[in-house]
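Containing compact mmCIF, C-alpha atoms and all ligand atoms: my_file.txt.
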```
# COMPACT_ATOMS: atom_id res chain seq x y z
CA MET A 1 39.01 -16.43 51.24
CA ARG A 2 42.23 -14.47 50.63
CA GLU A 3 41.35 -12.93 53.93
CA ILE A 4 42.41 -16.02 55.81
CA ALA A 5 45.96 -15.88 54.51
CA ALA A 6 46.13 -12.19 55.41
CA ARG A 7 44.81 -12.90 58.89
CA VAL A 8 47.30 -15.71 59.43
CA ARG A 9 50.07 -13.31 58.50
CA ALA A 10 48.72 -10.62 60.83
CA VAL A 11 48.44 -13.06 63.75
CA ARG A 12 52.00 -14.27 63.16
CA GLU A 13 53.28 -10.71 63.15
CA ARG A 14 51.48 -9.90 66.38
CA LEU A 15 52.76 -13.14 67.92
CA ALA A 16 56.33 -12.28 66.89
CA ARG A 17 56.14 -8.75 68.26
CA ALA A 18 54.73 -9.99 71.57
CA ALA A 19 57.49 -12.59 71.84
CA LEU A 20 60.20 -10.03 71.12
CA ARG A 21 58.75 -7.63 73.68
CA ALA A 22 59.18 -10.38 76.25
CA GLY A 23 62.70 -11.27 75.09
CA ARG A 24 61.52 -14.55 73.63
CA ARG A 25 61.97 -16.10 70.21
CA PRO A 26 58.77 -16.24 68.14
CA GLU A 27 59.60 -19.84 67.16
CA GLU A 28 59.12 -20.88 70.78
CA VAL A 29 55.38 -20.35 70.37
CA LYS A 30 53.24 -22.78 68.42
CA LEU A 31 50.27 -21.16 66.70
CA ILE A 32 47.31 -23.54 66.79
CA ALA A 33 44.47 -22.55 64.48
CA VAL A 34 41.19 -23.39 66.19
CA THR A 35 38.75 -24.72 63.64
CA LYS A 36 35.46 -25.33 65.43
CA ASN A 37 32.58 -24.45 63.10
CA VAL A 38 35.10 -23.82 60.33
CA PRO A 39 34.63 -25.72 57.05
CA VAL A 40 37.40 -27.80 55.49
CA GLU A 41 37.99 -25.32 52.63
CA ALA A 42 38.77 -22.55 55.07
CA ILE A 43 41.11 -24.78 57.05
CA ARG A 44 42.88 -25.68 53.82
CA GLU A 45 43.38 -21.96 53.13
CA ALA A 46 44.98 -21.56 56.52
CA VAL A 47 47.22 -24.57 55.95
CA ASP A 48 48.25 -23.15 52.59
CA ALA A 49 49.10 -19.94 54.42
CA GLY A 50 51.49 -21.88 56.63
CA ILE A 51 49.36 -23.12 59.52
CA ALA A 52 50.86 -26.42 60.70
CA ALA A 53 48.78 -27.12 63.81
CA VAL A 54 45.02 -27.25 64.08
CA GLY A 55 42.86 -27.41 67.20
CA GLU A 56 39.45 -29.06 67.34
CA ASN A 57 37.17 -29.27 70.32
CA ARG A 58 34.54 -31.71 69.20
CA VAL A 59 35.44 -35.25 68.24
CA GLN A 60 32.57 -35.74 65.81
CA GLU A 61 33.25 -32.50 64.03
CA ALA A 62 36.94 -33.28 63.75
CA GLN A 63 36.67 -36.71 62.12
CA PRO A 64 35.67 -35.66 58.58
CA LYS A 65 38.18 -32.82 58.68
CA VAL A 66 40.97 -35.20 59.59
CA ALA A 67 39.84 -37.46 56.76
CA ALA A 68 39.94 -34.55 54.31
CA LEU A 69 43.14 -32.86 55.43
CA GLY A 70 45.11 -35.83 56.59
CA ARG A 71 48.14 -36.00 58.79
CA ASP A 72 50.11 -33.23 57.14
CA VAL A 73 48.77 -30.97 59.82
CA GLU A 74 49.26 -31.65 63.49
CA TRP A 75 45.90 -32.17 65.20
CA HIS A 76 45.31 -30.90 68.71
CA PHE A 77 42.27 -31.77 70.74
CA ILE A 78 41.46 -28.75 72.90
CA GLY A 79 37.87 -29.19 74.08
CA HIS A 80 36.24 -30.97 76.96
CA LEU A 81 36.71 -34.67 76.34
CA GLN A 82 34.11 -37.28 77.21
CA THR A 83 35.63 -40.62 78.14
CA ASN A 84 33.51 -42.50 75.61
CA LYS A 85 35.08 -40.42 72.78
CA VAL A 86 38.70 -41.15 73.64
CA LYS A 87 38.91 -44.21 71.43
CA TYR A 88 38.18 -42.11 68.35
CA LEU A 89 41.12 -39.81 69.00
CA ALA A 90 43.91 -42.36 68.95
CA ALA A 91 44.23 -42.30 65.18
CA TRP A 92 44.86 -38.60 64.82
CA ALA A 93 45.28 -36.45 67.92
CA SER A 94 48.90 -35.46 68.51
CA TYR A 95 48.12 -33.53 71.68
CA ILE A 96 45.23 -33.41 74.11
CA HIS A 97 45.05 -30.11 75.98
CA SER A 98 42.18 -30.90 78.29
CA LEU A 99 43.11 -33.64 80.74
CA ASP A 100 41.07 -32.60 83.76
CA ARG A 101 40.13 -35.69 85.76
CA LEU A 102 41.37 -39.07 86.85
CA ARG A 103 38.66 -40.99 85.05
CA LEU A 104 39.81 -39.47 81.75
CA ALA A 105 43.45 -40.31 82.49
CA GLN A 106 42.41 -43.92 83.11
CA GLU A 107 40.53 -44.11 79.84
CA LEU A 108 43.46 -42.57 77.95
CA GLU A 109 45.72 -45.14 79.55
CA LYS A 110 43.40 -47.94 78.50
CA GLN A 111 42.97 -46.75 74.93
CA GLY A 112 46.66 -45.89 74.61
CA ALA A 113 47.55 -49.44 75.54
CA ARG A 114 44.99 -50.77 73.07
CA ALA A 115 46.33 -48.63 70.22
CA GLY A 116 49.95 -49.01 71.26
CA ARG A 117 50.24 -45.26 71.30
CA LYS A 118 51.40 -42.86 73.95
CA TRP A 119 49.33 -39.71 74.41
CA ARG A 120 50.88 -36.30 74.79
CA VAL A 121 48.63 -34.43 77.18
CA LEU A 122 48.38 -31.08 78.91
CA VAL A 123 46.63 -30.83 82.24
CA GLN A 124 43.88 -28.24 82.26
CA VAL A 125 43.97 -25.89 85.22
CA ASN A 126 41.11 -23.68 86.31
CA LEU A 127 42.75 -20.68 87.93
CA THR A 128 39.72 -18.51 88.45
CA GLY A 129 37.38 -20.98 90.10
CA GLU A 130 34.71 -20.24 87.50
CA GLU A 131 32.09 -22.97 87.81
CA SER A 132 31.48 -22.89 84.08
CA LYS A 133 35.03 -23.95 83.29
CA TYR A 134 36.62 -27.36 83.46
CA GLY A 135 40.02 -27.98 84.91
CA LEU A 136 41.72 -28.77 88.17
CA ALA A 137 42.12 -26.21 90.89
CA PRO A 138 45.81 -25.38 91.41
CA GLU A 139 45.88 -27.20 94.74
CA GLN A 140 44.56 -30.36 93.07
CA LEU A 141 47.36 -30.40 90.54
CA ARG A 142 50.16 -32.04 92.53
CA PRO A 143 48.09 -34.97 93.87
CA PHE A 144 46.71 -35.45 90.37
CA LEU A 145 50.17 -35.54 88.80
CA GLU A 146 51.27 -38.01 91.45
CA LYS A 147 48.33 -40.29 90.71
CA ILE A 148 48.95 -40.37 86.99
CA GLY A 149 52.73 -40.31 87.41
CA ASP A 150 53.33 -43.93 86.51
CA SER A 151 50.97 -44.16 83.55
CA ALA A 152 52.72 -46.01 80.78
CA TRP A 153 50.70 -44.42 77.98
CA LEU A 154 50.41 -40.84 79.18
CA GLU A 155 53.11 -38.28 78.65
CA VAL A 156 52.30 -35.04 80.42
CA VAL A 157 53.95 -32.23 78.48
CA GLY A 158 52.49 -29.13 80.09
CA LEU A 159 49.60 -27.14 81.49
CA MET A 160 46.66 -25.48 79.81
CA THR A 161 44.23 -22.84 80.93
CA ILE A 162 41.30 -20.88 79.54
CA ALA A 163 41.15 -17.32 80.81
CA PRO A 164 37.85 -15.56 81.36
CA PHE A 165 36.84 -13.39 78.43
CA THR A 166 37.45 -9.74 79.17
CA ALA A 167 37.11 -6.67 76.97
CA ASP A 168 40.58 -5.61 78.05
CA PRO A 169 43.11 -8.42 77.54
CA GLU A 170 45.39 -6.85 80.15
CA GLU A 171 42.91 -8.07 82.73
CA THR A 172 43.76 -11.66 81.87
CA ARG A 173 47.48 -11.16 82.45
CA PRO A 174 47.36 -12.29 86.10
CA VAL A 175 45.74 -15.58 85.03
CA PHE A 176 48.48 -16.34 82.50
CA ARG A 177 51.13 -15.27 84.96
CA GLN A 178 49.67 -17.64 87.56
CA LEU A 179 49.89 -20.59 85.17
CA ARG A 180 53.53 -19.77 84.39
CA GLU A 181 54.33 -19.38 88.08
CA LEU A 182 52.62 -22.65 88.86
CA ALA A 183 54.81 -24.42 86.29
CA GLU A 184 57.89 -22.68 87.68
CA ALA A 185 57.01 -23.73 91.21
CA LEU A 186 56.60 -27.35 90.12
CA ARG A 187 59.99 -27.26 88.40
CA ARG A 188 61.61 -25.93 91.55
CA GLU A 189 59.97 -28.74 93.51
CA GLY A 190 61.69 -31.21 91.22
CA TRP A 191 58.90 -32.22 88.86
CA PRO A 192 60.48 -33.22 85.56
CA GLN A 193 61.16 -30.44 83.10
CA THR A 194 59.58 -32.52 80.33
CA MET A 195 56.24 -32.48 82.13
CA LEU A 196 56.24 -28.71 82.19
CA GLU A 197 57.56 -27.90 78.77
CA HIS A 198 54.36 -26.35 77.46
CA LEU A 199 51.93 -23.67 78.54
CA SER A 200 48.83 -23.66 76.36
CA MET A 201 47.17 -20.30 76.95
CA GLY A 202 45.87 -17.34 75.00
CA MET A 203 43.12 -17.06 72.38
CA SER A 204 42.21 -14.45 69.75
CA ASN A 205 41.39 -11.83 72.31
CA ASP A 206 44.41 -12.18 74.52
CA PHE A 207 47.18 -14.21 72.86
CA GLU A 208 49.70 -11.39 72.88
CA VAL A 209 49.45 -11.05 76.64
CA ALA A 210 49.73 -14.84 76.94
CA VAL A 211 52.88 -14.87 74.80
CA GLU A 212 54.38 -12.12 76.93
CA GLU A 213 53.66 -14.29 79.97
CA GLY A 214 55.29 -17.40 78.55
CA ALA A 215 52.76 -19.28 76.40
CA THR A 216 54.34 -21.93 74.18
CA MET A 217 51.04 -22.78 72.48
CA ILE A 218 48.32 -20.30 71.64
CA ARG A 219 44.87 -21.35 70.44
CA VAL A 220 43.51 -18.86 67.93
CA GLY A 221 40.20 -19.18 66.10
CA THR A 222 38.37 -15.94 65.40
CA ALA A 223 41.46 -13.89 64.59
CA ILE A 224 42.22 -16.32 61.75
CA PHE A 225 38.82 -17.46 60.51
CA GLY A 226 36.61 -14.55 61.47
CA PRO A 227 33.61 -14.61 63.81
CA ARG A 228 32.05 -18.06 64.10
CA GLY A 229 28.41 -17.18 64.44
CA ARG A 230 26.49 -19.48 66.73
C1 LIG B 301 37.18 -21.79 70.64
C2 LIG B 301 38.37 -22.02 71.47
C3 LIG B 301 39.54 -21.25 71.28
C4 LIG B 301 39.67 -20.16 70.25
O1 LIG B 301 38.87 -19.06 70.56
P1 LIG B 301 38.93 -17.71 69.71
O2 LIG B 301 38.47 -16.68 70.67
O3 LIG B 301 38.02 -17.88 68.56
O4 LIG B 301 40.34 -17.51 69.31
C5 LIG B 301 40.64 -21.56 72.07
N1 LIG B 301 40.59 -22.51 73.00
C6 LIG B 301 39.49 -23.26 73.22
C7 LIG B 301 39.53 -24.31 74.26
C8 LIG B 301 38.36 -23.02 72.46
O5 LIG B 301 37.26 -23.75 72.68
```

Encoding of this model in structure tokens:
Amino acid sequence: MREIAARVRAVRERLARAALRAGRRPEEVKLIAVTKNVPVEAIREAVDAGIAAVGENRVQEAQPKVAALGRDVEWHFIGHLQTNKVKYLAAWASYIHSLDRLRLAQELEKQGARAGRKWRVLVQVNLTGEESKYGLAPEQLRPFLEKIGDSAWLEVVGLMTIAPFTADPEETRPVFRQLRELAEALRREGWPQTMLEHLSMGMSNDFEVAVEEGATMIRVGTAIFGPRGR
């Protein structure tokens, strides 16, 4: 179990070096430990090693972990979200990274109003057109943002993407760069800065490249907890 603390340290060092290479401050990047298939004891180890943000991608799996670990850690929901699960998230999810359709925005709005709680969300963008991945195509993004623009209970804070897995992380660089450039283009067009504050991109295999390209949130599972086994 010691291993987890050592891995957290190693990931932080790699994150810091990548940030410095890009002329950024390491503190600008939030390290989210992805805990799918990871037991509570292991998450606790990571938290003891300084992890402050945890990412879950299944609502049912997250509930008992939230109950055990409480609100000392910041909980991020990063997986595909079914509308009928939204109501269970209100009590604990600080951020939702996977807003990808109008129907989900409407349900978040409804449940936000019910709970009296504003959601912080990132809009998921699919930059590669892979059928297997969720997310809006870049050209769908502006009309989508316009449609959800006057939601009272939704606060868009950024964009998220999942890059295709490649053996060579350099190959994912263009995907991360595209997400950054998309955010930059929106800013130039006058979309509020606050809506584009975050770029959630980069996983175990490619987070350094993502940090170099401007990630403010990286989602790292395997590099902290070891291989998941399926
Ligand atoms: C599992 C998962 C990750 C973490 O993947 P690793 O390769 O284990 O770091 C990040 N983002 C999402 C959306 C995931 O489902």

task = May I ask for the distance between CA of Leu89 in chain A and atom C7 of ligand LIG 301 (chain B), given in Å to one decimal place?
result = 16.4 Å

inquiry  = Report as a list in words all protein, DNA and RNA residues lying within 12 Å of Arg103 in chain A, evaluated on all atoms listed in the file, omitting residues in the same chain fewer than 2 positions from it.
reply    =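 Returned residues: Leu81, Gln82, Thr83, Asn84, Val86, Leu99, Asp100, Arg101, Ala105, Gln106, Glu107, Leu108, Glu109, Lys110, Phe144, Lys147 and Ile148 of chain A.
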
Tell me, counting all atoms listed in the file, for each residue of chain A within 10 Å of ligand LIG 301 (chain B), which pair of atoms is nearest and how far apart they are in Å to one decimal, in rows ordered by chain and increasing number, as a tab-separated table.
```
residue	atom	partner	partner_atom	distance
A:Ile32	CA	B:LIG301	C5	8.7
A:Ala33	CA	B:LIG301	C4	7.9
A:Val34	CA	B:LIG301	C4	5.4
A:Thr35	CA	B:LIG301	C1	7.7
A:Lys36	CA	B:LIG301	C1	6.5
A:Asn37	CA	B:LIG301	C1	9.2
A:Gly55	CA	B:LIG301	N1	7.9
A:Glu56	CA	B:LIG301	O5	7.8
A:Asn57	CA	B:LIG301	O5	6.0
A:Arg58	CA	B:LIG301	O5	9.1
A:Phe77	CA	B:LIG301	C7	8.7
A:Ile78	CA	B:LIG301	C7	5.0
A:Gly79	CA	B:LIG301	C7	5.2
A:His80	CA	B:LIG301	C7	7.9
A:His97	CA	B:LIG301	C7	8.2
A:Ser98	CA	B:LIG301	C7	8.2
A:Gln124	CA	B:LIG301	C7	9.9
A:Met160	CA	B:LIG301	C7	9.1
A:Thr161	CA	B:LIG301	C7	8.3
A:Ile162	CA	B:LIG301	C7	6.5
A:Ala163	CA	B:LIG301	N1	9.4
A:Phe165	CA	B:LIG301	O2	8.6
A:Ser200	CA	B:LIG301	N1	9.0
A:Met201	CA	B:LIG301	N1	8.0
A:Gly202	CA	B:LIG301	C5	7.3
A:Met203	CA	B:LIG301	O4	4.2
A:Ser204	CA	B:LIG301	O4	3.6
A:Asn205	CA	B:LIG301	O2	5.9
A:Asp206	CA	B:LIG301	O2	8.4
A:Phe207	CA	B:LIG301	O4	8.4
A:Ile218	CA	B:LIG301	C5	7.8
A:Arg219	CA	B:LIG301	C5	4.5
A:Val220	CA	B:LIG301	O4	3.7
A:Gly221	CA	B:LIG301	O3	3.5
A:Thr222	CA	B:LIG301	O3	3.7
A:Ala223	CA	B:LIG301	O4	6.1
A:Ile224	CA	B:LIG301	O4	7.9
A:Phe225	CA	B:LIG301	O3	8.1
A:Gly226	CA	B:LIG301	O3	8.0
A:Pro227	CA	B:LIG301	O3	7.3
A:Arg228	CA	B:LIG301	O3	7.5
```

Distance query range 92-96 of chain A at most 9 Å, all atoms listed in the file, self and fewer than 6 positions along chain excluded, as a short mmCIF file (atom, residue, chain, number, x, y, z; two decimals) with C-alpha atoms, keeping the file's coordinate frame:
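Okay, part.cif is ready:
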```cif
data_model
loop_
_atom_site.label_atom_id
_atom_site.label_comp_id
_atom_site.auth_asym_id
_atom_site.auth_seq_id
_atom_site.Cartn_x
_atom_site.Cartn_y
_atom_site.Cartn_z
CA GLN A 63 36.67 -36.71 62.12
CA VAL A 66 40.97 -35.20 59.59
CA GLY A 70 45.11 -35.83 56.59
CA ARG A 71 48.14 -36.00 58.79
CA GLU A 74 49.26 -31.65 63.49
CA TRP A 75 45.90 -32.17 65.20
CA HIS A 76 45.31 -30.90 68.71
CA PHE A 77 42.27 -31.77 70.74
CA ILE A 78 41.46 -28.75 72.90
CA GLY A 79 37.87 -29.19 74.08
CA LEU A 81 36.71 -34.67 76.34
CA TRP A 119 49.33 -39.71 74.41
CA ARG A 120 50.88 -36.30 74.79
CA VAL A 121 48.63 -34.43 77.18
CA LEU A 122 48.38 -31.08 78.91
CA VAL A 123 46.63 -30.83 82.24
#
```

key: Two-atom distance - CA of Leu31 in chain A, CA of Ala53 in chain A (Å)   =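 The value is 6.8 Å.
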
ask   = Pick the closest to Glu155 in chain A from A:Ala91, A:Ile43, A:Val38, A:Leu196: which is it, counting all atoms listed in the file?
value =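 The answer is A:Leu196, which sits nearest to Glu155 in chain A.
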
request  = Counting only C-alpha atoms, figure out which residue out of A:Ala137, A:Val156, A:Leu179, A:Leu69 gets nearest to Pro39 in chain A.
outcome  =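 When distances to Pro39 in chain A are compared using only C-alpha atoms, the smallest one comes from A:Leu69.
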
key: Residues near Arg14 in chain A, cut-off 12 Å, only C-alpha atoms, skip fewer than 2 positions along chain, as an MDAnalysis selection string   = chainID A and resid 7:12 16:21 26 29 31 204:212 223

Prev. selection, C-alpha atoms, output as a PDB file, keeping the file's coordinate frame:
```pdb
ATOM      1  CA  ARG A   7      44.810 -12.900  58.890  1.00  0.00           C
ATOM      2  CA  VAL A   8      47.300 -15.710  59.430  1.00  0.00           C
ATOM      3  CA  ARG A   9      50.070 -13.310  58.500  1.00  0.00           C
ATOM      4  CA  ALA A  10      48.720 -10.620  60.830  1.00  0.00           C
ATOM      5  CA  VAL A  11      48.440 -13.060  63.750  1.00  0.00           C
ATOM      6  CA  ARG A  12      52.000 -14.270  63.160  1.00  0.00           C
ATOM      7  CA  ALA A  16      56.330 -12.280  66.890  1.00  0.00           C
ATOM      8  CA  ARG A  17      56.140  -8.750  68.260  1.00  0.00           C
ATOM      9  CA  ALA A  18      54.730  -9.990  71.570  1.00  0.00           C
ATOM     10  CA  ALA A  19      57.490 -12.590  71.840  1.00  0.00           C
ATOM     11  CA  LEU A  20      60.200 -10.030  71.120  1.00  0.00           C
ATOM     12  CA  ARG A  21      58.750  -7.630  73.680  1.00  0.00           C
ATOM     13  CA  PRO A  26      58.770 -16.240  68.140  1.00  0.00           C
ATOM     14  CA  VAL A  29      55.380 -20.350  70.370  1.00  0.00           C
ATOM     15  CA  LEU A  31      50.270 -21.160  66.700  1.00  0.00           C
ATOM     16  CA  SER A 204      42.210 -14.450  69.750  1.00  0.00           C
ATOM     17  CA  ASN A 205      41.390 -11.830  72.310  1.00  0.00           C
ATOM     18  CA  ASP A 206      44.410 -12.180  74.520  1.00  0.00           C
ATOM     19  CA  PHE A 207      47.180 -14.210  72.860  1.00  0.00           C
ATOM     20  CA  GLU A 208      49.700 -11.390  72.880  1.00  0.00           C
ATOM     21  CA  VAL A 209      49.450 -11.050  76.640  1.00  0.00           C
ATOM     22  CA  ALA A 210      49.730 -14.840  76.940  1.00  0.00           C
ATOM     23  CA  VAL A 211      52.880 -14.870  74.800  1.00  0.00           C
ATOM     24  CA  GLU A 212      54.380 -12.120  76.930  1.00  0.00           C
ATOM     25  CA  ALA A 223      41.460 -13.890  64.590  1.00  0.00           C
TER      26      ALA A 223
END
```

task = Have a look at A:Leu102, A:Val54, A:Ala62, A:Ala42 and name the one nearest to Pro143 in chain A; count only C-alpha atoms.
result =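 Closest to Pro143 in chain A of all the choices is A:Leu102.
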
key: CA of Ala90 in chain A to CA of Gly112 in chain A, straight-line distance in Å   =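 Atom-to-atom, CA of Gly112 in chain A to CA of Ala90 in chain A, that is 7.2 Å.
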
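Nearest-residue note for Arg2 in chain A: choosing from A:Glu213, A:Glu41, A:Glu139, A:Glu27, the minimum distance belongs to A:Glu41, counting all atoms listed in the file.
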